[in-house]
Amino acid sequence: MNRFSINRCVAIFIKEFQQMMRDRLTFAMAVAIPIAQLIMFGYAINTDPKGLPTVLVNLDQGTLSRSFTATLQNTGYFRIDYNLKSEVEADSLVENGKVQFMIVIPPRFTEKVVRGEKPAILISADATDPSAAGNALAALSSIIPLALKADLVGPLQRLQGNPQPYEVRVHKRYNPEGLSRYNIVPGLIGTILTMTMIMLTSLAMTRERERGTMENLLATPVRPAEVMIGKILPYVVIGYIQLTVIMSAAFIIFDVPMVGSLPLLLSLIGIFIMANLAVGFTFSTIAKNQLQAMQMTFFFFLPSILLSGFMFPFRAMPVWAQNIGEVLPLTHFLRIVRGILLKGNSAQQLSQELWPMVIFLFVAGAIALKRYRQTLD
């Protein structure tokens with residue numbers, strides 16, 4: 001009887017396999033999470049972003065300015081989406097985050113080069129995410145000697161060589177030293193709130209179901225919306241406590257600047273916290289136990305952290321990955337928090353990032369409410 005039995009071992013194997021197959025949600029998560037990781041790491045993640053949106057202000061229509069612009073585009077790093085005549089309008093595009101670079105070619109650039117006056121081209125880069133702009137700016141060193149080489153022939157050949165007959169001035173805006181902590185620490189506010197808010201809310205309902213106290217709650221005359229709001233509000237308070245701790249560390253330890261409005265940041269963070277809590281509440285109505293709630297939280301957190309622009313440059317991802325990222329509230333929150341802390345953006349400038357979060361909040365809240373009513377039935 002005490003001897004090892006293959007038959008008993010096989011019987012235990014079959015029993016465990018049947019139990020695993022009955023828990024379809026856990027089995028689906030076990031299969032879906034590795035596939036999602038494989039697709040995102042294999043296809044969506046790219047640390048060398050190219051085709052970065054650029055606004056060009058070319059105040060010279062000469063041959064040499066066109067050659068310089070064409071050389072920039074041929075590198076693949078710069079994609080000229082806007083061609084303006086006003087430096088002020090171009091500057092607002094950088095402030096709003098619609099472009100990564102602004103290139104300003106001064107008037108009579110071609111004429112000044114021919115005269116040997118060494119005019120300066122300004123390249124202004126949004127450096128809130130140093131990894132997004134770093135490779136493109138590094139490529140400039142190889143561009144400068146080659147950009148006008150084909151044009152400087154014949155009588156102009158004297159202008160070739162070192163030093164170059166023109167100058168390129170690079171201006172890194174919002175983070176001139178290229179400090180990665182200015183990008184990472186504000187992003188951590190969003191990632192920490194996403195993980196903790198969803199996890200805590202999803203566990204709250206499933207814990208009551210496991211402990212058997214859910215029946216007592218269902219027996220009361222409390223309406224679904226009242227339960228939902230009552231369960232979410234304490235976690236809003238916890239979210240703001242977490243925010244206070246993180247922001248204090250960001251300012252005191254990491255010396256992150258605060259250029260914009262703190263009340264504006266606090267008000268927009270409230271919407272972000274509510275959106276995540278609505279997701280967690282939805283998960284709590286689907287999960288049968290706390291393990292499933294944890295798995296669903298991780299399943300949502302994984303694309304949030306990889307496709308939002310927190311770890312990898314957002315513009316380096318393929319279009320399909322960017323479309324998924326645009327749905328996630330963390331993507332827009334990262335732009336908001338970096339915009340307020342580093343750029344000093346106003347509410348009007350951030351409105352394009354606010355509406356997607358509000359829509360997400362209403363959709364997730366409606367699904368959570370509907371799922372909870374089904375639970376009552």
# chains A, B, ... in the order shown; residues from 1 in each chain; ligands from 1
$ residues_around --residues "A:Pro313" --least-positions-apart "3" --cutoff "7 Å" --atoms "only C-alpha atoms" --output "mmCIF file with N, CA, C and O atoms, in the first residue's frame"
data_model
loop_
_atom_site.group_PDB
_atom_site.id
_atom_site.type_symbol
_atom_site.label_atom_id
_atom_site.label_comp_id
_atom_site.auth_asym_id
_atom_site.auth_seq_id
_atom_site.Cartn_x
_atom_site.Cartn_y
_atom_site.Cartn_z
ATOM 1 N N THR A 47 12.583 50.444 -29.017
ATOM 2 C CA THR A 47 13.326 51.467 -28.266
ATOM 3 C C THR A 47 14.010 52.470 -29.188
ATOM 4 O O THR A 47 14.739 53.334 -28.699
ATOM 5 N N PRO A 49 12.620 54.898 -31.696
ATOM 6 C CA PRO A 49 11.466 55.474 -32.393
ATOM 7 C C PRO A 49 11.872 56.238 -33.638
ATOM 8 O O PRO A 49 12.833 57.018 -33.623
ATOM 9 N N SER A 131 14.222 59.282 -23.841
ATOM 10 C CA SER A 131 14.475 58.135 -24.704
ATOM 11 C C SER A 131 13.790 58.283 -26.059
ATOM 12 O O SER A 131 14.233 57.698 -27.050
ATOM 13 N N ALA A 132 12.688 59.057 -26.127
ATOM 14 C CA ALA A 132 11.972 59.218 -27.386
ATOM 15 C C ALA A 132 12.746 60.104 -28.356
ATOM 16 O O ALA A 132 12.726 59.869 -29.559
ATOM 17 N N GLY A 309 3.299 54.273 -22.888
ATOM 18 C CA GLY A 309 4.408 55.206 -23.033
ATOM 19 C C GLY A 309 5.195 55.379 -21.754
ATOM 20 O O GLY A 309 6.077 56.236 -21.679
ATOM 21 N N ALA A 316 7.027 55.125 -30.816
ATOM 22 C CA ALA A 316 7.820 54.086 -31.469
ATOM 23 C C ALA A 316 6.999 52.832 -31.739
ATOM 24 O O ALA A 316 7.453 51.939 -32.452
#
$ select_by_dssp --residues "stretch 121-224 of chain A" --states "strand (DSSP E or B)" --output "CSV table (one decimal) with all heavy atoms, in the first residue's frame"
chain,number,residue,atom,x,y,z
A,121,ILE,N,20.4,77.0,-37.7
A,121,ILE,CA,19.1,76.4,-37.7
A,121,ILE,C,18.7,75.9,-36.3
A,121,ILE,O,19.6,75.3,-35.6
A,121,ILE,CB,19.1,75.1,-38.6
A,121,ILE,CG1,19.4,75.6,-40.1
A,121,ILE,CG2,17.8,74.3,-38.5
A,121,ILE,CD1,19.5,74.4,-41.1
A,122,LEU,N,17.5,76.2,-35.8
A,122,LEU,CA,17.1,75.8,-34.5
A,122,LEU,C,16.3,74.5,-34.6
A,122,LEU,O,15.3,74.4,-35.3
A,122,LEU,CB,16.2,76.9,-33.9
A,122,LEU,CG,15.5,76.6,-32.5
A,122,LEU,CD1,16.6,76.3,-31.4
A,122,LEU,CD2,14.5,77.6,-32.1
A,123,ILE,N,16.7,73.5,-33.8
A,123,ILE,CA,15.9,72.3,-33.6
A,123,ILE,C,15.5,72.2,-32.1
A,123,ILE,O,16.3,72.0,-31.3
A,123,ILE,CB,16.7,71.1,-34.0
A,123,ILE,CG1,17.0,71.1,-35.5
A,123,ILE,CG2,15.9,69.8,-33.7
A,123,ILE,CD1,17.7,69.9,-36.1
A,124,SER,N,14.2,72.4,-31.9
A,124,SER,CA,13.7,72.4,-30.5
A,124,SER,C,13.0,71.0,-30.3
A,124,SER,O,12.1,70.7,-31.1
A,124,SER,CB,12.6,73.5,-30.4
A,124,SER,OG,12.2,73.6,-29.1
A,125,ALA,N,13.4,70.3,-29.3
A,125,ALA,CA,12.9,69.0,-29.0
A,125,ALA,C,12.1,68.9,-27.7
A,125,ALA,O,12.5,69.5,-26.7
A,125,ALA,CB,14.0,68.0,-28.9
A,126,ASP,N,11.0,68.2,-27.7
A,126,ASP,CA,10.3,68.0,-26.5
A,126,ASP,C,11.0,66.8,-25.7
A,126,ASP,O,10.9,65.7,-26.1
A,126,ASP,CB,8.8,67.5,-26.8
A,126,ASP,CG,8.0,67.2,-25.6
A,126,ASP,OD1,8.6,67.2,-24.5
A,126,ASP,OD2,6.8,67.0,-25.7
A,167,GLU,N,25.2,76.4,-38.8
A,167,GLU,CA,25.2,75.8,-37.4
A,167,GLU,C,23.8,75.3,-37.1
A,167,GLU,O,22.8,75.8,-37.5
A,167,GLU,CB,25.5,77.0,-36.5
A,167,GLU,CG,25.7,76.6,-35.0
A,167,GLU,CD,26.0,77.8,-34.1
A,167,GLU,OE1,26.2,78.9,-34.7
A,167,GLU,OE2,25.9,77.6,-32.9
A,168,VAL,N,23.8,74.2,-36.3
A,168,VAL,CA,22.5,73.6,-35.9
A,168,VAL,C,22.5,73.7,-34.3
A,168,VAL,O,23.3,73.1,-33.6
A,168,VAL,CB,22.4,72.1,-36.3
A,168,VAL,CG1,21.1,71.5,-35.7
A,168,VAL,CG2,22.3,72.0,-37.8
A,169,ARG,N,21.5,74.5,-33.8
A,169,ARG,CA,21.4,74.7,-32.4
A,169,ARG,C,20.2,73.8,-31.9
A,169,ARG,O,19.1,73.9,-32.3
A,169,ARG,CB,21.1,76.1,-32.1
A,169,ARG,CG,22.3,77.0,-32.4
A,169,ARG,CD,22.0,78.5,-32.1
A,169,ARG,NE,23.1,79.3,-32.6
A,169,ARG,CZ,23.0,80.7,-32.7
A,169,ARG,NH1,21.9,81.3,-32.4
A,169,ARG,NH2,24.1,81.4,-33.0
A,170,VAL,N,20.5,72.9,-31.0
A,170,VAL,CA,19.5,72.0,-30.4
A,170,VAL,C,19.1,72.5,-29.1
A,170,VAL,O,19.9,72.8,-28.2
A,170,VAL,CB,20.1,70.6,-30.3
A,170,VAL,CG1,19.0,69.6,-29.6
A,170,VAL,CG2,20.5,70.0,-31.6
A,171,HIS,N,17.8,72.6,-28.9
A,171,HIS,CA,17.2,73.1,-27.7
A,171,HIS,C,16.3,72.0,-27.1
A,171,HIS,O,15.2,71.8,-27.6
A,171,HIS,CB,16.4,74.4,-27.9
A,171,HIS,CG,15.8,75.0,-26.7
A,171,HIS,ND1,14.7,75.8,-26.7
A,171,HIS,CD2,16.1,74.8,-25.4
A,171,HIS,CE1,14.4,76.1,-25.5
A,171,HIS,NE2,15.2,75.6,-24.7
A,172,LYS,N,16.8,71.4,-26.0
A,172,LYS,CA,15.9,70.4,-25.3
A,172,LYS,C,15.0,71.1,-24.4
A,172,LYS,O,15.5,71.7,-23.4
A,172,LYS,CB,16.8,69.4,-24.6
A,172,LYS,CG,17.7,68.5,-25.5
A,172,LYS,CD,18.5,67.6,-24.7
A,172,LYS,CE,19.4,66.7,-25.5
A,172,LYS,NZ,20.2,65.8,-24.7
A,173,ARG,N,13.7,71.1,-24.7
A,173,ARG,CA,12.8,71.8,-23.8
A,173,ARG,C,12.2,70.9,-22.7
A,173,ARG,O,12.1,69.7,-22.8
A,173,ARG,CB,11.6,72.3,-24.7
A,173,ARG,CG,12.1,73.2,-25.8
A,173,ARG,CD,11.0,73.7,-26.7
A,173,ARG,NE,9.9,74.4,-26.0
A,173,ARG,CZ,8.9,75.0,-26.6
A,173,ARG,NH1,8.8,74.9,-27.9
A,173,ARG,NH2,8.0,75.6,-25.9
$ closest_atom_pairs --of "stretch 131-236 of chain A" --to "stretch 69-90 of chain A" --cutoff "10 Å" --atoms "only C-alpha atoms" --output "CSV"
residue,atom,partner,partner_atom,distance
A:Ala133,CA,A:Tyr77,CA,9.1
A:Asn135,CA,A:Tyr77,CA,8.1
A:Ala136,CA,A:Tyr77,CA,5.5
A:Leu137,CA,A:Tyr77,CA,8.9
A:Ala139,CA,A:Thr75,CA,7.9
A:Leu140,CA,A:Leu72,CA,8.2
A:Ser142,CA,A:Thr75,CA,9.9
A:Ile143,CA,A:Thr71,CA,7.1
A:Ile144,CA,A:Thr71,CA,9.1
A:Leu146,CA,A:Thr71,CA,8.1
A:Ala147,CA,A:Thr71,CA,5.6
A:Leu148,CA,A:Thr71,CA,8.6
$ residues_around --residues "A:Ala366" --least-positions-apart "5" --cutoff "12 Å" --atoms "only C-alpha atoms" --output "PyMOL selection string"
chain A and resi 224-225+228+275+278-279+281-282+359-361+371-373
$ residues_around --residues "A:Pro165" --least-positions-apart "4" --cutoff "8 Å" --atoms "only C-alpha atoms" --output "number ranges by chain"
A: 113, 116-119, 159-160
$ residues_around --residues "A:Arg115" --least-positions-apart "5" --cutoff "12 Å" --atoms "only C-alpha atoms" --output "NGL selection string"
:A and (108-110 or 155-156 or 158-159 or 165-166)
$ write_last_selection --atoms "N, CA, C and O atoms" --output "short mmCIF file (atom, residue, chain, number, x, y, z; two decimals), in the first residue's frame"
data_model
loop_
_atom_site.label_atom_id
_atom_site.label_comp_id
_atom_site.auth_asym_id
_atom_site.auth_seq_id
_atom_site.Cartn_x
_atom_site.Cartn_y
_atom_site.Cartn_z
N ARG A 108 16.59 83.84 -45.47
CA ARG A 108 17.80 84.02 -46.29
C ARG A 108 18.91 83.04 -45.85
O ARG A 108 20.08 83.38 -45.85
N PHE A 109 18.49 81.83 -45.46
CA PHE A 109 19.47 80.82 -45.03
C PHE A 109 20.45 80.50 -46.16
O PHE A 109 21.68 80.48 -45.97
N THR A 110 19.89 80.23 -47.36
CA THR A 110 20.74 79.87 -48.49
C THR A 110 21.72 81.00 -48.83
O THR A 110 22.93 80.76 -49.03
N PRO A 155 31.96 76.51 -57.55
CA PRO A 155 32.46 77.67 -56.79
C PRO A 155 32.18 77.58 -55.30
O PRO A 155 32.86 78.23 -54.49
N LEU A 156 31.13 76.78 -54.92
CA LEU A 156 30.76 76.68 -53.49
C LEU A 156 31.52 75.57 -52.76
O LEU A 156 31.30 75.37 -51.57
N ARG A 158 34.37 75.51 -51.71
CA ARG A 158 35.19 76.07 -50.64
C ARG A 158 34.49 76.05 -49.28
O ARG A 158 35.12 76.14 -48.23
N LEU A 159 33.11 75.93 -49.34
CA LEU A 159 32.34 75.93 -48.09
C LEU A 159 32.28 74.55 -47.43
O LEU A 159 31.82 74.43 -46.30
N PRO A 165 29.47 75.33 -42.94
CA PRO A 165 29.07 76.72 -43.25
C PRO A 165 27.77 77.15 -42.58
O PRO A 165 27.25 78.22 -42.88
N TYR A 166 27.22 76.31 -41.76
CA TYR A 166 26.01 76.68 -41.01
C TYR A 166 26.06 75.98 -39.65
O TYR A 166 26.90 75.10 -39.42
#
$ closest_residue --among "A:Leu93, A:Met195, A:Val358, A:Ala28" --to "A:Ile305" --atoms "only C-alpha atoms"
A:Met195
$ atom_distance --atom1 "atom CA of A:Val99" --atom2 "atom CA of A:Val55"
6.6 Å
$ residues_around --residues "A:Gly239" --least-positions-apart "4" --cutoff "9 Å" --atoms "only C-alpha atoms" --output "PyMOL selection string"
chain A and resi 193+196-197+234-235+243-244+270+273
$ write_last_selection --atoms "N, CA, C and O atoms" --output "PDB file, in the first residue's frame"
ATOM      1  N   LEU A 193      -0.939  54.069  -9.032  1.00  0.00           N
ATOM      2  CA  LEU A 193      -2.380  54.238  -8.814  1.00  0.00           C
ATOM      3  C   LEU A 193      -3.175  53.221  -9.622  1.00  0.00           C
ATOM      4  O   LEU A 193      -4.177  52.680  -9.147  1.00  0.00           O
ATOM      5  N   THR A 196      -2.739  49.630  -7.798  1.00  0.00           N
ATOM      6  CA  THR A 196      -3.339  49.511  -6.465  1.00  0.00           C
ATOM      7  C   THR A 196      -4.842  49.758  -6.488  1.00  0.00           C
ATOM      8  O   THR A 196      -5.599  49.049  -5.808  1.00  0.00           O
ATOM      9  N   MET A 197      -5.302  50.739  -7.245  1.00  0.00           N
ATOM     10  CA  MET A 197      -6.736  51.046  -7.243  1.00  0.00           C
ATOM     11  C   MET A 197      -7.552  49.891  -7.824  1.00  0.00           C
ATOM     12  O   MET A 197      -8.584  49.505  -7.272  1.00  0.00           O
ATOM     13  N   PRO A 234     -14.024  55.144  -0.420  1.00  0.00           N
ATOM     14  CA  PRO A 234     -12.868  54.984   0.489  1.00  0.00           C
ATOM     15  C   PRO A 234     -11.546  54.805  -0.252  1.00  0.00           C
ATOM     16  O   PRO A 234     -10.498  55.288   0.210  1.00  0.00           O
ATOM     17  N   TYR A 235     -11.622  54.174  -1.411  1.00  0.00           N
ATOM     18  CA  TYR A 235     -10.381  53.966  -2.169  1.00  0.00           C
ATOM     19  C   TYR A 235      -9.931  55.239  -2.881  1.00  0.00           C
ATOM     20  O   TYR A 235      -8.758  55.384  -3.213  1.00  0.00           O
ATOM     21  N   LEU A 243      -1.010  59.382  -3.482  1.00  0.00           N
ATOM     22  CA  LEU A 243      -0.519  60.490  -4.305  1.00  0.00           C
ATOM     23  C   LEU A 243       0.328  61.453  -3.477  1.00  0.00           C
ATOM     24  O   LEU A 243       1.388  61.908  -3.926  1.00  0.00           O
ATOM     25  N   THR A 244      -0.132  61.757  -2.261  1.00  0.00           N
ATOM     26  CA  THR A 244       0.615  62.675  -1.393  1.00  0.00           C
ATOM     27  C   THR A 244       2.005  62.126  -1.094  1.00  0.00           C
ATOM     28  O   THR A 244       3.006  62.856  -1.139  1.00  0.00           O
ATOM     29  N   GLY A 270      -8.214  62.901  -9.717  1.00  0.00           N
ATOM     30  CA  GLY A 270      -9.451  62.313  -9.198  1.00  0.00           C
ATOM     31  C   GLY A 270     -10.198  61.538 -10.269  1.00  0.00           C
ATOM     32  O   GLY A 270     -10.720  60.447 -10.011  1.00  0.00           O
ATOM     33  N   ILE A 273      -8.314  58.265 -10.934  1.00  0.00           N
ATOM     34  CA  ILE A 273      -8.539  57.280  -9.861  1.00  0.00           C
ATOM     35  C   ILE A 273      -9.918  56.640 -10.014  1.00  0.00           C
ATOM     36  O   ILE A 273     -10.070  55.408  -9.907  1.00  0.00           O
TER      37      ILE A 273
END
$ residues_around --residues "A:Glu208" --least-positions-apart "5" --cutoff "12 Å" --atoms "only C-alpha atoms" --output "list in words"
Thr201, Ser202, Leu203, Thr213, Met214, Glu215, Asn216, Leu217, Leu218, Lys231, Ser284, Thr285, Ala287, Lys288, Asn289 and Gln290 of chain A
$ write_last_selection --atoms "all heavy atoms" --output "CSV table (one decimal), in the first residue's frame"
chain,number,residue,atom,x,y,z
A,201,THR,N,-10.0,47.4,-5.3
A,201,THR,CA,-11.5,47.4,-5.6
A,201,THR,C,-11.9,46.0,-6.0
A,201,THR,O,-13.0,45.5,-5.6
A,201,THR,CB,-11.8,48.4,-6.7
A,201,THR,OG1,-11.0,49.5,-6.5
A,201,THR,CG2,-13.3,48.8,-6.5
A,202,SER,N,-11.1,45.3,-6.9
A,202,SER,CA,-11.5,44.0,-7.4
A,202,SER,C,-11.5,43.0,-6.2
A,202,SER,O,-12.4,42.1,-6.2
A,202,SER,CB,-10.6,43.6,-8.5
A,202,SER,OG,-9.3,43.4,-8.0
A,203,LEU,N,-10.6,43.2,-5.3
A,203,LEU,CA,-10.6,42.2,-4.2
A,203,LEU,C,-11.7,42.5,-3.2
A,203,LEU,O,-12.1,41.6,-2.4
A,203,LEU,CB,-9.2,42.3,-3.5
A,203,LEU,CG,-8.0,41.8,-4.2
A,203,LEU,CD1,-6.7,42.0,-3.5
A,203,LEU,CD2,-8.2,40.3,-4.6
A,213,THR,N,-20.4,37.3,3.3
A,213,THR,CA,-21.1,38.5,3.7
A,213,THR,C,-21.8,39.2,2.6
A,213,THR,O,-22.5,40.2,2.8
A,213,THR,CB,-20.1,39.5,4.3
A,213,THR,OG1,-19.1,39.8,3.4
A,213,THR,CG2,-19.5,38.9,5.6
A,214,MET,N,-21.6,38.7,1.3
A,214,MET,CA,-22.3,39.3,0.2
A,214,MET,C,-23.8,39.2,0.3
A,214,MET,O,-24.5,40.0,-0.1
A,214,MET,CB,-21.7,38.7,-1.1
A,214,MET,CG,-22.2,39.3,-2.4
A,214,MET,SD,-21.5,41.0,-2.6
A,214,MET,CE,-22.4,41.5,-4.1
A,215,GLU,N,-24.2,38.0,0.8
A,215,GLU,CA,-25.7,37.7,0.9
A,215,GLU,C,-26.3,38.8,1.8
A,215,GLU,O,-27.4,39.2,1.5
A,215,GLU,CB,-25.9,36.3,1.4
A,215,GLU,CG,-25.6,35.2,0.4
A,215,GLU,CD,-24.1,34.9,0.3
A,215,GLU,OE1,-23.4,35.6,1.1
A,215,GLU,OE2,-23.7,34.1,-0.6
A,216,ASN,N,-25.7,39.1,2.9
A,216,ASN,CA,-26.2,40.1,3.8
A,216,ASN,C,-26.3,41.5,3.1
A,216,ASN,O,-27.3,42.2,3.3
A,216,ASN,CB,-25.3,40.3,5.0
A,216,ASN,CG,-25.2,39.0,5.8
A,216,ASN,OD1,-26.1,38.2,5.8
A,216,ASN,ND2,-24.1,38.9,6.6
A,217,LEU,N,-25.4,41.8,2.2
A,217,LEU,CA,-25.4,43.1,1.5
A,217,LEU,C,-26.5,43.1,0.5
A,217,LEU,O,-27.3,44.0,0.4
A,217,LEU,CB,-24.1,43.3,0.8
A,217,LEU,CG,-23.9,44.7,0.2
A,217,LEU,CD1,-23.9,45.8,1.2
A,217,LEU,CD2,-22.5,44.7,-0.6
A,218,LEU,N,-26.7,41.9,-0.2
A,218,LEU,CA,-27.8,41.8,-1.2
A,218,LEU,C,-29.2,41.9,-0.5
A,218,LEU,O,-30.2,42.3,-1.2
A,218,LEU,CB,-27.7,40.5,-2.0
A,218,LEU,CG,-26.4,40.4,-2.8
A,218,LEU,CD1,-26.3,39.1,-3.5
A,218,LEU,CD2,-26.3,41.5,-3.9
A,231,LYS,N,-18.6,51.8,-2.0
A,231,LYS,CA,-17.3,51.0,-2.0
A,231,LYS,C,-16.2,51.7,-2.7
A,231,LYS,O,-15.0,51.4,-2.4
A,231,LYS,CB,-17.6,49.6,-2.7
A,231,LYS,CG,-18.3,48.6,-1.8
A,231,LYS,CD,-18.3,47.2,-2.4
A,231,LYS,CE,-18.7,46.2,-1.3
A,231,LYS,NZ,-17.7,46.1,-0.2
A,284,SER,N,-14.5,42.8,-10.1
A,284,SER,CA,-15.0,42.2,-8.9
A,284,SER,C,-16.4,41.5,-9.1
A,284,SER,O,-16.8,40.5,-8.4
A,284,SER,CB,-15.2,43.2,-7.7
A,284,SER,OG,-16.2,44.1,-8.0
A,285,THR,N,-17.1,42.0,-10.1
A,285,THR,CA,-18.4,41.4,-10.4
A,285,THR,C,-18.3,40.2,-11.4
A,285,THR,O,-19.2,39.4,-11.5
A,285,THR,CB,-19.4,42.4,-11.1
A,285,THR,OG1,-18.8,42.8,-12.4
A,285,THR,CG2,-19.6,43.6,-10.3
A,287,ALA,N,-15.1,38.1,-11.3
A,287,ALA,CA,-14.3,37.1,-10.7
A,287,ALA,C,-15.1,36.4,-9.6
A,287,ALA,O,-15.9,36.9,-8.9
A,287,ALA,CB,-13.1,37.8,-10.0
A,288,LYS,N,-14.8,35.1,-9.5
A,288,LYS,CA,-15.4,34.2,-8.5
A,288,LYS,C,-14.7,34.2,-7.2
A,288,LYS,O,-15.2,33.8,-6.2
A,288,LYS,CB,-15.6,32.8,-9.1
A,288,LYS,CG,-16.6,32.8,-10.3
A,288,LYS,CD,-16.7,31.4,-10.9
A,288,LYS,CE,-17.6,31.4,-12.1
A,288,LYS,NZ,-17.6,30.0,-12.7
A,289,ASN,N,-13.4,34.5,-7.3
A,289,ASN,CA,-12.6,34.5,-6.1
A,289,ASN,C,-11.5,35.5,-6.2
A,289,ASN,O,-11.3,36.1,-7.3
A,289,ASN,CB,-12.0,33.1,-5.8
A,289,ASN,CG,-11.3,32.5,-7.0
A,289,ASN,OD1,-10.4,33.1,-7.6
A,289,ASN,ND2,-11.8,31.3,-7.5
A,290,GLN,N,-10.7,35.6,-5.1
A,290,GLN,CA,-9.7,36.7,-5.1
A,290,GLN,C,-8.5,36.4,-6.1
A,290,GLN,O,-7.9,37.3,-6.6
A,290,GLN,CB,-9.1,36.8,-3.7
A,290,GLN,CG,-10.2,37.4,-2.7
A,290,GLN,CD,-9.6,37.7,-1.3
A,290,GLN,OE1,-8.7,38.5,-1.2
A,290,GLN,NE2,-10.1,37.0,-0.3
$ select_by_dssp --residues "stretch 49-234 of chain A" --states "alpha helix (DSSP H)" --output "PyMOL selection string"
chain A and resi 63-74+87-95+109-115+130-147+181-211+214-219+224-234
$ atom_distance --atom1 "atom CA of A:Met357" --atom2 "atom CA of A:Leu277"
12.5 Å
$ atom_distance --atom1 "atom CA of A:Leu328" --atom2 "atom CA of A:Ser308"
7.2 Å
$ closest_residue --among "A:Asn7, A:Thr191, A:Ser261, A:Ser346" --to "A:Leu306" --atoms "only C-alpha atoms"
A:Thr191
